[in-house]
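Participant: Structure below; questions to follow.
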Amino acid sequence: MAQPTGEGRRELPPRDVLRHPLRVRIVAACSQREVTPREIADLEKIHPKTTRNHFRVLENAGYLRRVREETVRGVRRVFYRADRLAVITDDEFGRMTTGQQHHLSEAVIRDFFARCWESLEAGTLDARDDSHLTWIPFQLDEPGWRDLMSELAQMLDRSTEIQAESSARLRKSGEQPIPTTFALAGFESPRLG
């Protein structure tokens, strides 16, 4: 249930914060680098006030944080970074309506495809001999489905541990990070024929 916040505003419950696909794209962009609302407005070809409102909602919900501000030719620019590694938890996703889940999944797929395409165009997708991009259609029974989803959940947990360990080492070494895209997917496919 939404609770009142300062200045008469109401904070959205977590399941509602990301129901708008633009907010998912904003969080994805802010997880890669510092971003201003104006950059997103220009990219999406929408009014800057609209993006500022979305940034405010995401900041109030704890998805984004302000990292710095600067004034250029009398205009204040606020830069944001993503604060949550996982955009939305399984529990939050489960409490969404089917329509909200659909919009969120669509935004994630679009953002992932865009990242893949950008990497392909930049020549980084296949730049390393040990990079990996695979998908395999399976036929599973219920126990097989549960086992596979459990393994994916464990791999997601381990991937966040690896990210934290890498961040600590990078802070100590001063070494440049390797920009990395990591994705997991496991979903029921439509029946063919």
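Residue numbering restarts at 1 for every chain of the structure tokens, chains are lettered A, B, ... in their displayed order, and ligands are numbered from 1 as they appear.
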How would you write, as a ChimeraX atom specification, the set of residues in stretch 20-60 of chain A that DSSP gives as alpha helix (DSSP H)?
Facilitator: /A:21-32,37-44,48-60
Participant: Just to be explicit: take each residue in the selection above, keep C-alpha atoms, and write the result as a PDB file, in the first residue's frame.
Facilitator:
```pdb
ATOM      1  CA  PRO A  21       8.700   0.800 -19.491  1.00  0.00           C
ATOM      2  CA  LEU A  22      10.551   4.123 -19.605  1.00  0.00           C
ATOM      3  CA  ARG A  23      11.490   3.727 -15.935  1.00  0.00           C
ATOM      4  CA  VAL A  24      13.048   0.353 -16.676  1.00  0.00           C
ATOM      5  CA  ARG A  25      15.080   1.932 -19.489  1.00  0.00           C
ATOM      6  CA  ILE A  26      16.143   4.756 -17.168  1.00  0.00           C
ATOM      7  CA  VAL A  27      17.339   2.333 -14.479  1.00  0.00           C
ATOM      8  CA  ALA A  28      19.157   0.269 -17.117  1.00  0.00           C
ATOM      9  CA  ALA A  29      20.937   3.373 -18.452  1.00  0.00           C
ATOM     10  CA  CYS A  30      21.819   4.552 -14.933  1.00  0.00           C
ATOM     11  CA  SER A  31      23.272   1.166 -14.055  1.00  0.00           C
ATOM     12  CA  GLN A  32      25.801   1.613 -16.877  1.00  0.00           C
ATOM     13  CA  PRO A  37      17.081  13.398 -17.147  1.00  0.00           C
ATOM     14  CA  ARG A  38      17.806  15.637 -20.137  1.00  0.00           C
ATOM     15  CA  GLU A  39      19.853  12.883 -21.829  1.00  0.00           C
ATOM     16  CA  ILE A  40      16.927  10.476 -21.527  1.00  0.00           C
ATOM     17  CA  ALA A  41      14.479  13.142 -22.729  1.00  0.00           C
ATOM     18  CA  ASP A  42      16.617  13.737 -25.831  1.00  0.00           C
ATOM     19  CA  LEU A  43      17.078  10.024 -26.451  1.00  0.00           C
ATOM     20  CA  GLU A  44      13.375   9.222 -26.033  1.00  0.00           C
ATOM     21  CA  PRO A  48      12.394  16.941 -20.058  1.00  0.00           C
ATOM     22  CA  LYS A  49       9.756  17.552 -17.350  1.00  0.00           C
ATOM     23  CA  THR A  50       8.335  14.091 -18.047  1.00  0.00           C
ATOM     24  CA  THR A  51      11.710  12.424 -17.567  1.00  0.00           C
ATOM     25  CA  ARG A  52      12.428  14.463 -14.428  1.00  0.00           C
ATOM     26  CA  ASN A  53       9.185  13.155 -12.938  1.00  0.00           C
ATOM     27  CA  HIS A  54      10.194   9.555 -13.711  1.00  0.00           C
ATOM     28  CA  PHE A  55      13.664  10.141 -12.219  1.00  0.00           C
ATOM     29  CA  ARG A  56      12.045  11.574  -9.054  1.00  0.00           C
ATOM     30  CA  VAL A  57       9.806   8.501  -8.665  1.00  0.00           C
ATOM     31  CA  LEU A  58      12.785   6.171  -9.161  1.00  0.00           C
ATOM     32  CA  GLU A  59      14.908   8.150  -6.697  1.00  0.00           C
ATOM     33  CA  ASN A  60      12.149   8.131  -4.049  1.00  0.00           C
TER      34      ASN A  60
END
```
Participant: Please return, as a list in words, all residues of chain A that DSSP assigns to strand (DSSP E or B) on the basis of the backbone.
Facilitator: Gln3, Pro4, Arg10, Glu11, Val35, Leu64, Arg65, Arg66, Val67, Arg68, Glu69, Glu70, Thr71, Val72, Val75, Arg76, Arg77, Val78, Phe79, Tyr80, Arg81 and Ala82 of chain A
Participant: Kindly save the residues from that selection, with C-alpha atoms included, as a tab-separated table (two decimals), in the first residue's frame.
Facilitator:
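What landed in part-v7.tsv:
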```tsv
chain	number	residue	atom	x	y	z
A	3	GLN	CA	2.33	5.60	2.09
A	4	PRO	CA	2.26	9.40	2.15
A	10	ARG	CA	2.61	9.54	-2.36
A	11	GLU	CA	5.37	7.02	-2.88
A	35	VAL	CA	22.82	9.91	-16.63
A	64	LEU	CA	18.41	5.81	-8.33
A	65	ARG	CA	20.61	8.21	-6.40
A	66	ARG	CA	22.02	11.61	-7.24
A	67	VAL	CA	25.78	11.37	-7.66
A	68	ARG	CA	26.64	14.94	-8.61
A	69	GLU	CA	25.30	18.24	-9.85
A	70	GLU	CA	26.84	20.85	-12.11
A	71	THR	CA	25.77	24.16	-13.61
A	72	VAL	CA	26.46	24.77	-17.28
A	75	VAL	CA	21.41	25.44	-16.19
A	76	ARG	CA	21.69	22.95	-13.34
A	77	ARG	CA	22.26	19.35	-14.40
A	78	VAL	CA	21.75	16.49	-11.97
A	79	PHE	CA	23.50	13.17	-12.66
A	80	TYR	CA	22.05	9.87	-11.42
A	81	ARG	CA	23.31	6.30	-10.99
A	82	ALA	CA	21.33	3.13	-10.28
```
Participant: In Å, how far is it from atom CA of A:Phe182 to atom CA of A:Asp141?
Facilitator: 26.9 Å
Participant: Find the residues near A:Leu140: any atom within 12 Å, counting only C-alpha atoms, skip ones fewer than 2 places away on the same chain, and give them as an mmCIF file with all heavy atoms, in the first residue's frame.
Facilitator:
```cif
data_model
loop_
_atom_site.group_PDB
_atom_site.id
_atom_site.type_symbol
_atom_site.label_atom_id
_atom_site.label_comp_id
_atom_site.auth_asym_id
_atom_site.auth_seq_id
_atom_site.Cartn_x
_atom_site.Cartn_y
_atom_site.Cartn_z
ATOM 1 N N PRO A 137 16.487 -24.419 -26.926
ATOM 2 C CA PRO A 137 15.115 -24.811 -26.586
ATOM 3 C C PRO A 137 15.115 -26.210 -25.964
ATOM 4 O O PRO A 137 15.699 -27.147 -26.514
ATOM 5 C CB PRO A 137 14.390 -24.803 -27.933
ATOM 6 C CG PRO A 137 15.465 -25.048 -28.944
ATOM 7 C CD PRO A 137 16.742 -24.512 -28.364
ATOM 8 N N PHE A 138 14.506 -26.343 -24.789
ATOM 9 C CA PHE A 138 14.404 -27.627 -24.087
ATOM 10 C C PHE A 138 12.962 -28.086 -24.032
ATOM 11 O O PHE A 138 12.038 -27.286 -24.173
ATOM 12 C CB PHE A 138 14.874 -27.490 -22.627
ATOM 13 C CG PHE A 138 16.357 -27.295 -22.435
ATOM 14 C CD1 PHE A 138 16.807 -26.378 -21.511
ATOM 15 C CD2 PHE A 138 17.288 -28.040 -23.132
ATOM 16 C CE1 PHE A 138 18.158 -26.194 -21.282
ATOM 17 C CE2 PHE A 138 18.644 -27.857 -22.928
ATOM 18 C CZ PHE A 138 19.081 -26.939 -22.002
ATOM 19 N N GLU A 142 7.912 -30.998 -15.009
ATOM 20 C CA GLU A 142 7.838 -30.063 -13.880
ATOM 21 C C GLU A 142 9.091 -30.092 -13.002
ATOM 22 O O GLU A 142 9.633 -29.041 -12.671
ATOM 23 C CB GLU A 142 6.586 -30.325 -13.037
ATOM 24 C CG GLU A 142 5.323 -29.733 -13.616
ATOM 25 C CD GLU A 142 5.336 -28.215 -13.718
ATOM 26 O OE1 GLU A 142 5.893 -27.535 -12.817
ATOM 27 O OE2 GLU A 142 4.807 -27.689 -14.707
ATOM 28 N N PRO A 143 9.593 -31.292 -12.607
ATOM 29 C CA PRO A 143 10.814 -31.284 -11.790
ATOM 30 C C PRO A 143 12.014 -30.687 -12.537
ATOM 31 O O PRO A 143 12.821 -29.965 -11.947
ATOM 32 C CB PRO A 143 11.054 -32.761 -11.471
ATOM 33 C CG PRO A 143 9.707 -33.400 -11.571
ATOM 34 C CD PRO A 143 9.008 -32.644 -12.671
ATOM 35 N N GLY A 144 12.109 -30.932 -13.841
ATOM 36 C CA GLY A 144 13.193 -30.357 -14.634
ATOM 37 C C GLY A 144 13.091 -28.840 -14.691
ATOM 38 O O GLY A 144 14.099 -28.134 -14.574
ATOM 39 N N TRP A 145 11.851 -28.335 -14.856
ATOM 40 C CA TRP A 145 11.627 -26.886 -14.858
ATOM 41 C C TRP A 145 12.082 -26.275 -13.534
ATOM 42 O O TRP A 145 12.816 -25.304 -13.505
ATOM 43 C CB TRP A 145 10.151 -26.587 -15.109
ATOM 44 C CG TRP A 145 9.783 -25.150 -14.885
ATOM 45 C CD1 TRP A 145 9.299 -24.604 -13.726
ATOM 46 C CD2 TRP A 145 9.898 -24.077 -15.815
ATOM 47 N NE1 TRP A 145 9.101 -23.261 -13.888
ATOM 48 C CE2 TRP A 145 9.459 -22.907 -15.164
ATOM 49 C CE3 TRP A 145 10.326 -23.997 -17.137
ATOM 50 C CZ2 TRP A 145 9.435 -21.664 -15.783
ATOM 51 C CZ3 TRP A 145 10.293 -22.755 -17.756
ATOM 52 C CH2 TRP A 145 9.858 -21.613 -17.089
ATOM 53 N N ARG A 146 11.645 -26.876 -12.422
ATOM 54 C CA ARG A 146 12.001 -26.350 -11.100
ATOM 55 C C ARG A 146 13.512 -26.392 -10.876
ATOM 56 O O ARG A 146 14.096 -25.450 -10.342
ATOM 57 C CB ARG A 146 11.256 -27.111 -10.000
ATOM 58 C CG ARG A 146 9.775 -26.740 -9.930
ATOM 59 C CD ARG A 146 9.105 -27.286 -8.688
ATOM 60 N NE ARG A 146 9.184 -28.730 -8.581
ATOM 61 C CZ ARG A 146 8.330 -29.585 -9.121
ATOM 62 N NH1 ARG A 146 7.295 -29.149 -9.817
ATOM 63 N NH2 ARG A 146 8.489 -30.892 -8.973
ATOM 64 N N ASP A 147 14.150 -27.493 -11.297
ATOM 65 C CA ASP A 147 15.609 -27.607 -11.144
ATOM 66 C C ASP A 147 16.338 -26.523 -11.941
ATOM 67 O O ASP A 147 17.272 -25.890 -11.443
ATOM 68 C CB ASP A 147 16.109 -28.985 -11.599
ATOM 69 C CG ASP A 147 15.754 -30.099 -10.633
ATOM 70 O OD1 ASP A 147 15.330 -29.799 -9.495
ATOM 71 O OD2 ASP A 147 15.912 -31.276 -11.023
ATOM 72 N N LEU A 148 15.904 -26.310 -13.184
ATOM 73 C CA LEU A 148 16.558 -25.319 -14.028
ATOM 74 C C LEU A 148 16.373 -23.907 -13.458
ATOM 75 O O LEU A 148 17.322 -23.124 -13.396
ATOM 76 C CB LEU A 148 16.022 -25.385 -15.461
ATOM 77 C CG LEU A 148 16.704 -24.463 -16.477
ATOM 78 C CD1 LEU A 148 18.202 -24.746 -16.575
ATOM 79 C CD2 LEU A 148 16.045 -24.592 -17.841
ATOM 80 N N MET A 149 15.159 -23.589 -12.997
ATOM 81 C CA MET A 149 14.911 -22.261 -12.424
ATOM 82 C C MET A 149 15.714 -22.069 -11.139
ATOM 83 O O MET A 149 16.230 -20.978 -10.872
ATOM 84 C CB MET A 149 13.419 -22.052 -12.144
ATOM 85 C CG MET A 149 12.544 -21.992 -13.396
ATOM 86 S SD MET A 149 13.093 -20.775 -14.629
ATOM 87 C CE MET A 149 13.703 -21.853 -15.923
ATOM 88 N N GLY A 186 15.021 -17.863 -18.560
ATOM 89 C CA GLY A 186 14.377 -19.170 -18.490
ATOM 90 C C GLY A 186 12.891 -18.914 -18.503
ATOM 91 O O GLY A 186 12.359 -18.309 -17.568
ATOM 92 N N PHE A 187 12.224 -19.281 -19.561
ATOM 93 C CA PHE A 187 10.794 -19.001 -19.664
ATOM 94 C C PHE A 187 10.124 -20.070 -20.501
ATOM 95 O O PHE A 187 10.758 -20.757 -21.306
ATOM 96 C CB PHE A 187 10.548 -17.611 -20.261
ATOM 97 C CG PHE A 187 11.282 -17.361 -21.562
ATOM 98 C CD1 PHE A 187 10.712 -17.699 -22.788
ATOM 99 C CD2 PHE A 187 12.535 -16.777 -21.544
ATOM 100 C CE1 PHE A 187 11.394 -17.463 -23.968
ATOM 101 C CE2 PHE A 187 13.219 -16.527 -22.730
ATOM 102 C CZ PHE A 187 12.647 -16.876 -23.937
ATOM 103 N N GLU A 188 8.817 -20.214 -20.287
ATOM 104 C CA GLU A 188 8.051 -21.196 -21.041
ATOM 105 C C GLU A 188 7.842 -20.654 -22.452
ATOM 106 O O GLU A 188 7.454 -19.501 -22.644
ATOM 107 C CB GLU A 188 6.699 -21.443 -20.376
ATOM 108 C CG GLU A 188 5.938 -22.571 -21.006
ATOM 109 C CD GLU A 188 4.686 -22.953 -20.237
ATOM 110 O OE1 GLU A 188 4.555 -22.567 -19.060
ATOM 111 O OE2 GLU A 188 3.848 -23.659 -20.831
ATOM 112 N N SER A 189 8.114 -21.475 -23.442
ATOM 113 C CA SER A 189 7.967 -21.093 -24.839
ATOM 114 C C SER A 189 6.569 -21.465 -25.333
ATOM 115 O O SER A 189 5.933 -22.365 -24.793
ATOM 116 C CB SER A 189 9.007 -21.819 -25.701
ATOM 117 O OG SER A 189 10.299 -21.531 -25.244
#
```
Participant: Quote the spacing between atom CA of A:His102 and atom CA of A:Val17 in Å to one decimal place.
Facilitator: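 Separating atom CA of A:His102 from atom CA of A:Val17 is a distance of 14.2 Å.
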Participant: Using only C-alpha atoms, pick whichever of A:Arg33, A:His132, A:Arg110, A:His20 has the shortest atom-to-atom distance to A:Pro179.
Facilitator: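 Using only C-alpha atoms, A:Pro179 sits closest to A:Arg33.
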Participant: Compare A:Ile178, A:Ile46, A:Leu18, A:Cys116 by their minimum atom-to-atom distance to A:Arg128, counting only C-alpha atoms, and give me the closest one.
Facilitator: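 Checking each of A:Ile178, A:Ile46, A:Leu18, A:Cys116 against A:Arg128, counting only C-alpha atoms, the winner is A:Ile178.
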Participant: With only C-alpha atoms as the basis for distance, which of A:Thr181, A:Gln154, A:Thr89, A:Gln100 is at the shortest distance from A:Phe113?
Facilitator: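 Of the candidates, the smallest distance to A:Phe113 is held by A:Thr181.
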